[in-house]
$ cat coords_15.txt   # compact mmCIF, C-alpha atoms
# COMPACT_ATOMS: atom_id res chain seq x y z
CA MET A 8 23.21 -47.45 11.46
CA THR A 9 25.28 -49.99 9.58
CA PHE A 10 27.45 -52.68 11.06
CA LYS A 11 30.74 -53.86 9.68
CA VAL A 12 30.74 -57.58 8.96
CA ASN A 13 33.26 -59.52 11.02
CA GLU A 14 35.14 -61.57 8.46
CA THR A 15 37.27 -63.42 11.02
CA PRO A 16 36.18 -67.09 11.01
CA PHE A 17 35.27 -68.71 14.31
CA GLY A 18 37.25 -71.82 13.33
CA ALA A 19 37.40 -74.61 10.82
CA PRO A 20 34.25 -76.63 10.16
CA VAL A 21 33.95 -79.78 12.27
CA ASP A 22 32.94 -83.22 11.10
CA GLY A 23 29.39 -83.93 12.21
CA LEU A 24 28.20 -84.52 15.76
CA VAL A 25 31.45 -86.08 16.94
CA GLY A 26 33.48 -83.08 15.82
CA ALA A 27 31.14 -80.76 17.71
CA ILE A 28 31.66 -82.48 21.09
CA GLY A 29 34.12 -80.63 23.33
CA ASN A 30 35.81 -77.24 23.29
CA THR A 31 33.09 -75.60 25.38
CA PRO A 32 33.67 -72.07 26.76
CA LEU A 33 35.18 -71.45 30.19
CA ILE A 34 32.99 -68.75 31.75
CA ARG A 35 33.95 -66.40 34.57
CA LEU A 36 31.14 -66.44 37.12
CA ARG A 37 31.01 -62.78 38.02
CA ARG A 38 29.07 -62.74 41.30
CA ALA A 39 30.78 -65.79 42.77
CA SER A 40 34.16 -64.32 41.84
CA GLU A 41 33.36 -60.91 43.33
CA ALA A 42 31.97 -62.42 46.53
CA THR A 43 35.10 -64.48 47.19
CA GLY A 44 37.88 -62.32 45.76
CA CYS A 45 38.84 -65.28 43.59
CA THR A 46 38.35 -66.08 39.92
CA ILE A 47 35.68 -68.78 39.67
CA LEU A 48 35.33 -70.33 36.23
CA GLY A 49 32.62 -72.67 34.96
CA LYS A 50 33.15 -75.02 32.01
CA ALA A 51 29.96 -74.57 29.97
CA GLU A 52 29.13 -78.22 29.28
CA PHE A 53 25.47 -77.30 28.83
CA MET A 54 26.62 -76.09 25.39
CA GLN A 55 27.48 -79.62 24.21
CA PRO A 56 25.38 -80.95 21.27
CA GLY A 57 23.45 -83.21 23.64
CA GLY A 58 23.24 -80.56 26.32
CA SER A 59 25.53 -82.03 28.96
CA VAL A 60 29.04 -83.05 29.97
CA LYS A 61 28.01 -86.68 29.39
CA ASP A 62 28.41 -86.25 25.63
CA ARG A 63 32.13 -86.66 26.26
CA ALA A 64 31.65 -89.94 28.13
CA GLY A 65 29.25 -91.23 25.48
CA LEU A 66 31.75 -90.52 22.72
CA GLY A 67 34.70 -91.90 24.69
CA ILE A 68 32.93 -95.16 25.55
CA ILE A 69 31.72 -95.80 21.99
CA GLU A 70 35.06 -94.93 20.39
CA ASP A 71 36.81 -97.25 22.86
CA ALA A 72 34.41 -100.07 21.89
CA GLU A 73 35.19 -99.42 18.23
CA ARG A 74 38.94 -99.56 18.85
CA ARG A 75 38.42 -102.93 20.53
CA GLY A 76 36.33 -104.20 17.60
CA GLN A 77 33.20 -104.58 19.75
CA LEU A 78 31.37 -102.12 17.50
CA VAL A 79 31.99 -101.36 13.83
CA PRO A 80 30.87 -97.97 12.43
CA GLY A 81 28.11 -98.35 9.85
CA GLU A 82 27.36 -101.95 10.84
CA ALA A 83 24.49 -103.05 13.06
CA GLY A 84 25.33 -102.70 16.71
CA ILE A 85 23.61 -102.01 20.00
CA VAL A 86 24.68 -99.82 22.92
CA VAL A 87 22.96 -100.62 26.23
CA GLU A 88 23.23 -98.45 29.33
CA GLY A 89 21.56 -97.74 32.65
CA THR A 90 21.60 -94.05 33.45
CA ALA A 91 19.96 -91.14 35.23
CA GLY A 92 19.46 -89.64 31.76
CA ASN A 93 22.31 -87.51 30.46
CA THR A 94 24.74 -90.34 29.66
CA GLY A 95 21.90 -92.04 27.83
CA ILE A 96 21.38 -88.92 25.75
CA GLY A 97 25.08 -88.67 24.87
CA LEU A 98 25.30 -92.37 24.01
CA THR A 99 22.14 -92.28 21.90
CA LEU A 100 23.28 -89.29 19.84
CA VAL A 101 26.72 -90.78 19.18
CA ALA A 102 25.13 -94.15 18.42
CA ASN A 103 22.80 -92.47 15.91
CA ALA A 104 25.77 -90.81 14.23
CA ARG A 105 27.62 -94.14 14.03
CA GLY A 106 24.66 -96.23 12.84
CA TYR A 107 23.96 -98.11 16.08
CA LYS A 108 20.85 -98.60 18.19
CA ALA A 109 20.72 -97.45 21.82
CA ILE A 110 18.75 -99.15 24.60
CA ILE A 111 18.61 -96.90 27.63
CA VAL A 112 17.35 -98.03 31.06
CA VAL A 113 16.24 -95.17 33.33
CA PRO A 114 14.32 -94.95 36.64
CA HIS A 115 10.92 -93.42 35.94
CA THR A 116 11.53 -90.88 38.72
CA GLN A 117 14.05 -88.91 36.65
CA SER A 118 12.96 -85.56 35.24
CA ARG A 119 10.26 -85.76 32.57
CA GLU A 120 12.31 -83.46 30.35
CA LYS A 121 15.18 -85.96 30.12
CA LEU A 122 12.87 -88.91 29.53
CA ASP A 123 11.02 -87.08 26.75
CA PHE A 124 14.29 -86.05 25.13
CA LEU A 125 15.57 -89.63 25.13
CA SER A 126 12.42 -90.78 23.36
CA MET A 127 12.58 -87.87 20.93
CA ILE A 128 16.11 -88.72 19.77
CA GLY A 129 15.30 -92.37 19.12
CA ALA A 130 16.46 -94.22 22.22
CA ASP A 131 14.73 -97.50 23.03
CA LEU A 132 13.75 -96.24 26.47
CA ARG A 133 13.13 -98.79 29.22
CA LEU A 134 11.61 -97.20 32.33
CA ILE A 135 11.93 -99.12 35.60
CA ASP A 136 11.17 -98.57 39.26
CA PRO A 137 13.98 -96.95 41.29
CA ALA A 138 15.96 -99.44 43.38
CA PRO A 139 19.15 -99.37 45.48
CA LEU A 140 22.39 -100.54 43.90
CA SER A 141 22.29 -103.61 46.15
CA SER A 142 19.09 -104.74 44.37
CA GLN A 143 19.15 -106.63 41.08
CA GLY A 144 16.36 -104.27 40.03
CA HIS A 145 18.77 -101.30 39.95
CA TYR A 146 19.17 -99.75 36.52
CA VAL A 147 22.84 -100.72 36.32
CA HIS A 148 22.10 -104.43 36.83
CA THR A 149 19.03 -104.31 34.60
CA SER A 150 20.99 -102.80 31.72
CA ARG A 151 23.79 -105.36 32.16
CA ARG A 152 21.29 -108.25 31.93
CA ILE A 153 19.75 -106.80 28.76
CA ALA A 154 23.20 -106.55 27.15
CA GLU A 155 24.04 -110.12 28.18
CA GLU A 156 20.76 -111.43 26.75
CA LEU A 157 21.36 -109.70 23.42
CA ALA A 158 24.94 -110.97 23.28
CA GLY A 159 23.58 -114.48 23.90
CA GLN A 160 21.40 -114.03 20.82
CA GLY A 161 24.48 -113.32 18.74
CA LYS A 162 23.98 -109.55 18.55
CA ARG A 163 26.91 -107.14 18.30
CA VAL A 164 26.30 -105.30 21.57
CA ILE A 165 28.14 -103.45 24.31
CA TRP A 166 27.13 -102.66 27.86
CA ALA A 167 28.45 -99.11 28.23
CA ASN A 168 28.93 -99.48 32.01
CA GLN A 169 29.74 -95.81 32.59
CA PHE A 170 30.49 -96.39 36.28
CA GLY A 171 33.16 -99.03 35.75
CA ASN A 172 34.27 -98.38 32.17
CA LEU A 173 37.55 -96.48 32.46
CA ALA A 174 37.12 -95.06 28.95
CA ASN A 175 34.78 -92.60 30.68
CA GLY A 176 37.49 -90.97 32.79
CA GLN A 177 40.05 -91.28 29.99
CA ALA A 178 37.82 -89.16 27.73
CA HIS A 179 37.98 -86.31 30.25
CA GLU A 180 41.70 -86.75 30.79
CA ALA A 181 42.21 -86.41 27.03
CA THR A 182 39.79 -83.52 26.40
CA THR A 183 38.16 -81.68 29.32
CA GLY A 184 41.28 -81.32 31.45
CA PRO A 185 43.60 -80.08 28.68
CA GLU A 186 40.90 -77.66 27.50
CA ILE A 187 40.61 -76.16 31.00
CA TRP A 188 44.38 -75.81 31.25
CA HIS A 189 44.64 -74.13 27.85
CA GLN A 190 41.64 -71.81 28.36
CA SER A 191 42.86 -70.66 31.77
CA ALA A 192 46.43 -70.20 30.48
CA GLY A 193 47.54 -72.66 33.15
CA ARG A 194 46.24 -70.53 36.00
CA VAL A 195 44.29 -73.16 37.93
CA ASP A 196 44.66 -73.43 41.69
CA ALA A 197 41.76 -75.80 42.34
CA PHE A 198 39.18 -77.90 40.52
CA THR A 199 35.95 -79.15 42.04
CA CYS A 200 32.96 -81.09 40.75
CA ALA A 201 30.40 -83.63 41.88
CA CYS A 202 30.61 -87.31 41.01
CA GLY A 203 28.10 -89.72 39.54
CA THR A 204 30.59 -92.07 37.94
CA GLY A 205 33.70 -90.10 38.94
CA GLY A 206 34.88 -89.92 35.34
CA THR A 207 34.85 -86.13 35.06
CA LEU A 208 36.55 -85.45 38.40
CA VAL A 209 39.28 -88.06 38.03
CA GLY A 210 39.92 -87.47 34.33
CA VAL A 211 40.24 -83.70 34.73
CA ALA A 212 42.27 -84.13 37.91
CA ARG A 213 44.83 -86.33 36.21
CA ALA A 214 45.20 -83.92 33.29
CA LEU A 215 45.63 -80.90 35.57
CA LYS A 216 47.97 -82.56 38.07
CA ALA A 217 50.13 -83.84 35.21
CA ARG A 218 50.70 -80.18 34.34
CA ASN A 219 50.87 -78.85 37.91
CA PRO A 220 50.85 -81.31 40.84
CA LYS A 221 49.87 -78.47 43.20
CA VAL A 222 46.38 -78.07 41.71
CA ARG A 223 43.91 -78.87 44.49
CA ILE A 224 41.21 -81.41 43.57
CA VAL A 225 38.02 -81.33 45.65
CA LEU A 226 35.05 -83.67 45.31
CA ALA A 227 31.66 -81.93 45.67
CA ASP A 228 28.96 -84.12 47.16
CA PRO A 229 25.23 -83.63 47.71
CA MET A 230 23.48 -84.77 50.86
CA GLY A 231 22.32 -88.37 50.61
CA SER A 232 25.62 -89.44 49.06
CA GLY A 233 28.40 -91.27 50.87
CA LEU A 234 31.34 -90.08 48.75
CA TYR A 235 32.14 -87.13 51.05
CA SER A 236 32.48 -89.58 53.91
CA TRP A 237 34.61 -91.89 51.73
CA ILE A 238 37.12 -89.13 51.01
CA LYS A 239 37.19 -87.93 54.63
CA THR A 240 37.13 -91.27 56.49
CA GLY A 241 37.59 -94.07 53.96
CA THR A 242 34.07 -95.35 54.61
CA VAL A 243 30.99 -94.79 52.43
CA ARG A 244 28.34 -93.39 54.77
CA ALA A 245 25.37 -91.40 53.49
CA GLU A 246 23.31 -88.89 55.47
CA GLY A 247 20.28 -86.83 54.43
CA ASN A 248 18.87 -86.61 50.92
CA SER A 249 18.93 -84.47 47.79
CA ILE A 250 16.78 -83.68 44.77
CA THR A 251 19.80 -83.60 42.45
CA GLU A 252 19.90 -86.26 39.75
CA GLY A 253 22.80 -88.34 38.47
CA ILE A 254 25.36 -87.47 41.13
CA GLY A 255 26.36 -88.99 44.45
CA GLN A 256 26.46 -92.62 45.54
CA GLY A 257 24.85 -93.92 48.67
CA SER A 258 26.50 -97.31 49.09
CA ALA A 259 29.38 -97.95 46.68
CA VAL A 260 32.33 -96.17 45.06
CA PRO A 261 32.23 -96.32 41.22
CA GLY A 262 35.23 -97.85 39.50
CA ASN A 263 36.10 -94.61 37.67
CA LEU A 264 36.32 -92.82 41.02
CA GLU A 265 38.05 -95.59 42.97
CA VAL A 266 41.01 -95.75 40.57
CA GLY A 267 41.54 -92.01 41.00
CA ARG A 268 41.48 -91.75 44.80
CA ASP A 269 45.15 -90.73 44.78
CA VAL A 270 44.46 -87.51 42.84
CA ILE A 271 41.63 -86.27 45.09
CA ASP A 272 42.76 -83.95 47.87
CA ASP A 273 39.54 -83.15 49.73
CA ALA A 274 35.75 -83.10 49.63
CA VAL A 275 32.97 -80.66 50.50
CA GLN A 276 29.31 -81.37 51.15
CA VAL A 277 26.59 -79.14 49.69
CA THR A 278 22.91 -78.96 50.67
CA ASP A 279 20.03 -78.50 48.22
CA PRO A 280 19.26 -74.95 49.46
CA GLU A 281 22.89 -73.94 48.88
CA ALA A 282 22.83 -75.38 45.36
CA LEU A 283 19.46 -73.81 44.51
CA GLU A 284 20.70 -70.42 45.71
CA GLN A 285 23.47 -70.54 43.10
CA ILE A 286 21.19 -71.88 40.36
CA TYR A 287 18.70 -69.06 40.81
CA ASP A 288 21.36 -66.41 41.29
CA LEU A 289 23.13 -67.33 38.04
CA GLN A 290 19.81 -67.49 36.22
CA ILE A 291 18.49 -64.08 37.21
CA HIS A 292 21.74 -62.08 37.53
CA GLU A 293 24.07 -63.58 34.93
CA GLY A 294 21.68 -65.17 32.43
CA LEU A 295 23.16 -68.65 32.89
CA SER A 296 20.60 -71.43 33.18
CA ILE A 297 22.09 -74.49 34.87
CA GLY A 298 20.84 -77.74 36.38
CA GLY A 299 21.03 -79.20 39.86
CA SER A 300 24.48 -80.81 39.71
CA ALA A 301 25.94 -77.59 38.30
CA GLY A 302 24.43 -75.77 41.29
CA ILE A 303 26.21 -78.20 43.61
CA ASN A 304 29.43 -77.52 41.71
CA VAL A 305 29.21 -73.73 41.87
CA ALA A 306 28.36 -73.81 45.59
CA ALA A 307 31.36 -76.09 46.13
CA ALA A 308 33.64 -73.80 44.11
CA ILE A 309 32.61 -70.88 46.34
CA ARG A 310 33.35 -72.98 49.43
CA VAL A 311 36.78 -73.94 48.09
CA ALA A 312 37.50 -70.29 47.22
CA GLN A 313 36.61 -69.24 50.76
CA GLN A 314 38.91 -71.92 52.17
CA MET A 315 41.84 -70.94 49.93
CA GLY A 316 41.41 -67.18 50.25
CA PRO A 317 41.38 -64.32 47.71
CA GLY A 318 43.51 -64.35 44.59
CA HIS A 319 43.05 -67.97 43.59
CA THR A 320 41.43 -69.48 40.50
CA ILE A 321 38.90 -72.25 41.00
CA VAL A 322 37.36 -74.15 38.07
CA THR A 323 34.19 -76.24 38.07
CA ILE A 324 31.78 -77.89 35.63
CA LEU A 325 28.41 -76.48 34.55
CA CYS A 326 27.17 -79.97 33.75
CA ASP A 327 23.89 -79.26 31.99
CA GLY A 328 21.13 -76.67 31.60
CA GLY A 329 18.15 -75.76 33.72
CA ALA A 330 15.56 -76.56 31.05
CA ARG A 331 16.23 -80.25 31.67
CA TYR A 332 14.78 -79.83 35.19
CA GLN A 333 11.88 -77.44 34.64
CA SER A 334 9.45 -79.88 36.26
CA LYS A 335 11.57 -80.05 39.42
CA ILE A 336 13.98 -77.25 40.35
CA PHE A 337 11.90 -74.62 38.53
CA ASN A 338 8.55 -76.02 39.70
CA PRO A 339 7.13 -74.11 42.71
CA GLU A 340 4.84 -76.98 43.72
CA PHE A 341 7.67 -79.52 43.68
CA LEU A 342 9.95 -77.22 45.68
CA SER A 343 7.36 -76.12 48.22
CA ALA A 344 6.35 -79.71 48.95
CA ARG A 345 9.94 -80.37 49.99
CA GLY A 346 10.43 -77.18 51.98
CA LEU A 347 12.90 -75.81 49.44
CA PRO A 348 13.20 -72.17 48.32
CA VAL A 349 11.17 -71.04 45.30
CA PRO A 350 12.76 -68.47 42.96
CA PRO A 351 10.93 -65.18 43.54
CA TRP A 352 9.97 -64.72 39.88
CA LEU A 353 8.07 -68.05 40.02
CA ALA A 354 6.56 -67.67 43.48
$ encode --input "coords_15.txt" --output "structure tokens"
Amino acid sequence: MTFKVNETPFGAPVDGLVGAIGNTPLIRLRRASEATGCTILGKAEFMQPGGSVKDRAGLGIIEDAERRGQLVPGEAGIVVEGTAGNTGIGLTLVANARGYKAIIVVPHTQSREKLDFLSMIGADLRLIDPAPLSSQGHYVHTSRRIAEELAGQGKRVIWANQFGNLANGQAHEATTGPEIWHQSAGRVDAFTCACGTGGTLVGVARALKARNPKVRIVLADPMGSGLYSWIKTGTVRAEGNSITEGIGQGSAVPGNLEVGRDVIDDAVQVTDPEALEQIYDLQIHEGLSIGGSAGINVAAAIRVAQQMGPGHTIVTILCDGGARYQSKIFNPEFLSARGLPVPPWLA
């Protein structure tokens, strides 16, 4: 049997890493859609060059620093950030492409896969003990001090500050939101995703509501985070705990989220078992391997679809891939020790 060669080009070549960031597919999640009578779509951010939605934030923050003259492409410069991992990966890759050095501060409790990847791509990785945001030992404060010390030595350096740097949310308002609108042909009734910094939720929300103010924006929150309570009551109050990494805030509202409170309509709370059910279901039935925060997002999208009723279109973010969490959410020993379900093919 012979096959005819498809001579239709996929698109024009892009310019390096930066040109490859964005324009990820919008995937219909078949089983979630059929179960709810809605169309549930996931933005496949695990297909970014660095493997996560945080590539967009990394690029947006560095380009903003360049516009301000804080960094100059091709000249020595340093990007410092405290992160749960994925933003550090995005920043490091963009920094490499621009000729900068990246110093990334991460709690040692984050998944081994992310830590190894950061080292592999050339980040100056600084592992610290986990600490609450109220402690000066928290990774945010530690990274800020490192940046200040380097600036005091006369170095050209930026503290990325993904939580408070509004270039984060602006990157999603300029790219992720318009992409979703275009790919869905403007048929979006609701958008939901979890928040670490709030940049994705608020940026996408602003882009969608600018095109249709009736689009419903719903924050998805894991247990152990106080953002659900903040949306519902105005007070940050956390209950329970979660194994998900990089999302949720227990004691404070990030700047990127706080400035966008007016575009958020509601919030839903998702447990680890609910998120894991969606992660494993997508893996074994639809061939989509996603991480913990994406599981929270899909579970939340199903909840929103059930609230709105059949016939609606709900969009969410598939933040990163499952391989980044093999030692945790695909590790039977880790799951069993916490009383969480183990996927049957690994039991």
$ atom_distance --input "coords_15.txt" --atom1 "CA of Asp71 (chain A)" --atom2 "CA of Ala174 (chain A)"
6.5 Å
$ closest_residue --input "coords_15.txt" --among "A:Asn93, A:Ser141, A:Asn103, A:Thr182" --to "Ser258 (chain A)" --atoms "all atoms listed in the file"
A:Ser141
$ residues_around --input "coords_15.txt" --residues "Ile309 (chain A)" --least-positions-apart "5" --cutoff "8 Å" --atoms "only C-alpha atoms" --output "ChimeraX atom specification"
/A:39,43,47
$ write_last_selection --input "coords_15.txt" --atoms "C-alpha atoms" --output "PDB file, in the coordinates of the input"
ATOM      1  CA  ALA A  39      30.780 -65.790  42.770  1.00  0.00           C
ATOM      2  CA  THR A  43      35.100 -64.480  47.190  1.00  0.00           C
ATOM      3  CA  ILE A  47      35.680 -68.780  39.670  1.00  0.00           C
TER       4      ILE A  47
END
$ closest_residue --input "coords_15.txt" --among "A:Gly97, A:Pro220, A:Gly44, A:Gly89" --to "Gly57 (chain A)" --atoms "only C-alpha atoms"
A:Gly97
$ closest_atom_pairs --input "coords_15.txt" --of "region 53-88 of chain A" --to "region 323-343 of chain A" --cutoff "7 Å" --atoms "all atoms listed in the file" --output "Markdown table"
| residue | atom | partner | partner_atom | distance |
| --- | --- | --- | --- | --- |
| A:Phe53 | CA | A:Asp327 | CA | 4.0 |
| A:Gly58 | CA | A:Asp327 | CA | 5.9 |
| A:Ser59 | CA | A:Asp327 | CA | 4.4 |
| A:Val60 | CA | A:Cys326 | CA | 5.2 |
$ residues_around --input "coords_15.txt" --residues "Glu265 (chain A)" --least-positions-apart "4" --cutoff "10 Å" --atoms "only C-alpha atoms" --output "VMD selection string"
chain A and resid 171 204 to 205 209 259 to 261 269
$ residues_around --input "coords_15.txt" --residues "Arg133 (chain A)" --least-positions-apart "6" --cutoff "8 Å" --atoms "all atoms listed in the file" --output "PDB file with C-alpha atoms, in the coordinates of the input"
ATOM      1  CA  ILE A 110      18.750 -99.150  24.600  1.00  0.00           C
ATOM      2  CA  ILE A 111      18.610 -96.900  27.630  1.00  0.00           C
ATOM      3  CA  VAL A 112      17.350 -98.030  31.060  1.00  0.00           C
ATOM      4  CA  VAL A 113      16.240 -95.170  33.330  1.00  0.00           C
TER       5      VAL A 113
END
$ residues_around --input "coords_15.txt" --residues "Met315 (chain A)" --least-positions-apart "6" --cutoff "10 Å" --atoms "only C-alpha atoms" --output "ChimeraX atom specification"
/A:43,45,196-197,223,309,321
$ write_last_selection --input "coords_15.txt" --atoms "C-alpha atoms" --output "short mmCIF file (atom, residue, chain, number, x, y, z; two decimals), keeping the file's coordinate frame"
data_model
loop_
_atom_site.label_atom_id
_atom_site.label_comp_id
_atom_site.auth_asym_id
_atom_site.auth_seq_id
_atom_site.Cartn_x
_atom_site.Cartn_y
_atom_site.Cartn_z
CA THR A 43 35.10 -64.48 47.19
CA CYS A 45 38.84 -65.28 43.59
CA ASP A 196 44.66 -73.43 41.69
CA ALA A 197 41.76 -75.80 42.34
CA ARG A 223 43.91 -78.87 44.49
CA ILE A 309 32.61 -70.88 46.34
CA ILE A 321 38.90 -72.25 41.00
#
$ residues_around --input "coords_15.txt" --residues "Tyr146 (chain A)" --least-positions-apart "6" --cutoff "10 Å" --atoms "all atoms listed in the file" --output "PyMOL selection string"
chain A and resi 88-91+111-114+133-140+152
$ atom_distance --input "coords_15.txt" --atom1 "CA of Ile85 (chain A)" --atom2 "CA of Ser118 (chain A)"
24.8 Å
$ closest_residue --input "coords_15.txt" --among "A:Gly247, A:Gly253, A:Gly84, A:Pro56" --to "Trp166 (chain A)" --atoms "only C-alpha atoms"
A:Gly84
$ closest_residue --input "coords_15.txt" --among "A:Arg163, A:Arg268, A:Lys50, A:Arg345" --to "Ala72 (chain A)" --atoms "only C-alpha atoms"
A:Arg163
$ atom_distance --input "coords_15.txt" --atom1 "CA of Thr31 (chain A)" --atom2 "CA of Glu52 (chain A)"
6.1 Å
$ closest_residue --input "coords_15.txt" --among "A:Arg151, A:Lys121, A:Arg194, A:Arg218" --to "Gln169 (chain A)" --atoms "all atoms listed in the file"
A:Arg151
$ closest_residue --input "coords_15.txt" --among "A:Leu157, A:Val270, A:Val277, A:Val195" --to "Gly318 (chain A)" --atoms "only C-alpha atoms"
A:Val195
$ residues_near_point --input "coords_15.txt" --point "(43.9, -80.4, 37.8)" --cutoff "10 Å" --atoms "only C-alpha atoms" --output "NGL selection string"
:A and (180 or 184-185 or 187-188 or 193 or 195-199 or 208-225 or 270-271 or 322)
$ residues_near_point --input "coords_15.txt" --point "(35.1, -100.7, 15.0)" --cutoff "12 Å" --atoms "all atoms listed in the file" --output "list in words"
Ile69, Glu70, Asp71, Ala72, Glu73, Arg74, Arg75, Gly76, Gln77, Leu78, Val79, Pro80, Gly81, Glu82, Ala83, Gly84, Arg105, Gly106, Tyr107, Arg163, Val164 and Ile165 of chain A
$ write_last_selection --input "coords_15.txt" --atoms "C-alpha atoms" --output "PDB file, keeping the file's coordinate frame"
ATOM      1  CA  ILE A  69      31.720 -95.800  21.990  1.00  0.00           C
ATOM      2  CA  GLU A  70      35.060 -94.930  20.390  1.00  0.00           C
ATOM      3  CA  ASP A  71      36.810 -97.250  22.860  1.00  0.00           C
ATOM      4  CA  ALA A  72      34.410-100.070  21.890  1.00  0.00           C
ATOM      5  CA  GLU A  73      35.190 -99.420  18.230  1.00  0.00           C
ATOM      6  CA  ARG A  74      38.940 -99.560  18.850  1.00  0.00           C
ATOM      7  CA  ARG A  75      38.420-102.930  20.530  1.00  0.00           C
ATOM      8  CA  GLY A  76      36.330-104.200  17.600  1.00  0.00           C
ATOM      9  CA  GLN A  77      33.200-104.580  19.750  1.00  0.00           C
ATOM     10  CA  LEU A  78      31.370-102.120  17.500  1.00  0.00           C
ATOM     11  CA  VAL A  79      31.990-101.360  13.830  1.00  0.00           C
ATOM     12  CA  PRO A  80      30.870 -97.970  12.430  1.00  0.00           C
ATOM     13  CA  GLY A  81      28.110 -98.350   9.850  1.00  0.00           C
ATOM     14  CA  GLU A  82      27.360-101.950  10.840  1.00  0.00           C
ATOM     15  CA  ALA A  83      24.490-103.050  13.060  1.00  0.00           C
ATOM     16  CA  GLY A  84      25.330-102.700  16.710  1.00  0.00           C
ATOM     17  CA  ARG A 105      27.620 -94.140  14.030  1.00  0.00           C
ATOM     18  CA  GLY A 106      24.660 -96.230  12.840  1.00  0.00           C
ATOM     19  CA  TYR A 107      23.960 -98.110  16.080  1.00  0.00           C
ATOM     20  CA  ARG A 163      26.910-107.140  18.300  1.00  0.00           C
ATOM     21  CA  VAL A 164      26.300-105.300  21.570  1.00  0.00           C
ATOM     22  CA  ILE A 165      28.140-103.450  24.310  1.00  0.00           C
TER      23      ILE A 165
END
$ decode --input "coords_15.txt" --residues "region 173-193 of chain A" --atoms "C-alpha atoms" --output "compact mmCIF listing (two decimals), in the first residue's frame"
# COMPACT_ATOMS: atom_id res chain seq x y z
CA LEU A 173 1.52 41.78 36.10
CA ALA A 174 3.41 40.90 32.90
CA ASN A 175 2.43 37.32 33.80
CA GLY A 176 -1.31 37.88 33.41
CA GLN A 177 -0.79 40.24 30.47
CA ALA A 178 0.97 37.45 28.56
CA HIS A 179 -2.16 35.29 28.84
CA GLU A 180 -4.45 38.18 27.98
CA ALA A 181 -2.43 38.74 24.80
CA THR A 182 -2.02 35.09 23.76
CA THR A 183 -3.89 32.32 25.60
CA GLY A 184 -7.27 34.04 25.73
CA PRO A 185 -7.38 35.15 22.08
CA GLU A 186 -6.21 31.68 20.99
CA ILE A 187 -9.07 30.04 22.90
CA TRP A 188 -11.58 32.45 21.38
CA HIS A 189 -10.30 31.86 17.86
CA GLN A 190 -10.02 28.06 18.19
CA SER A 191 -13.53 27.74 19.63
CA ALA A 192 -14.96 30.10 16.99
CA GLY A 193 -16.17 32.29 19.84
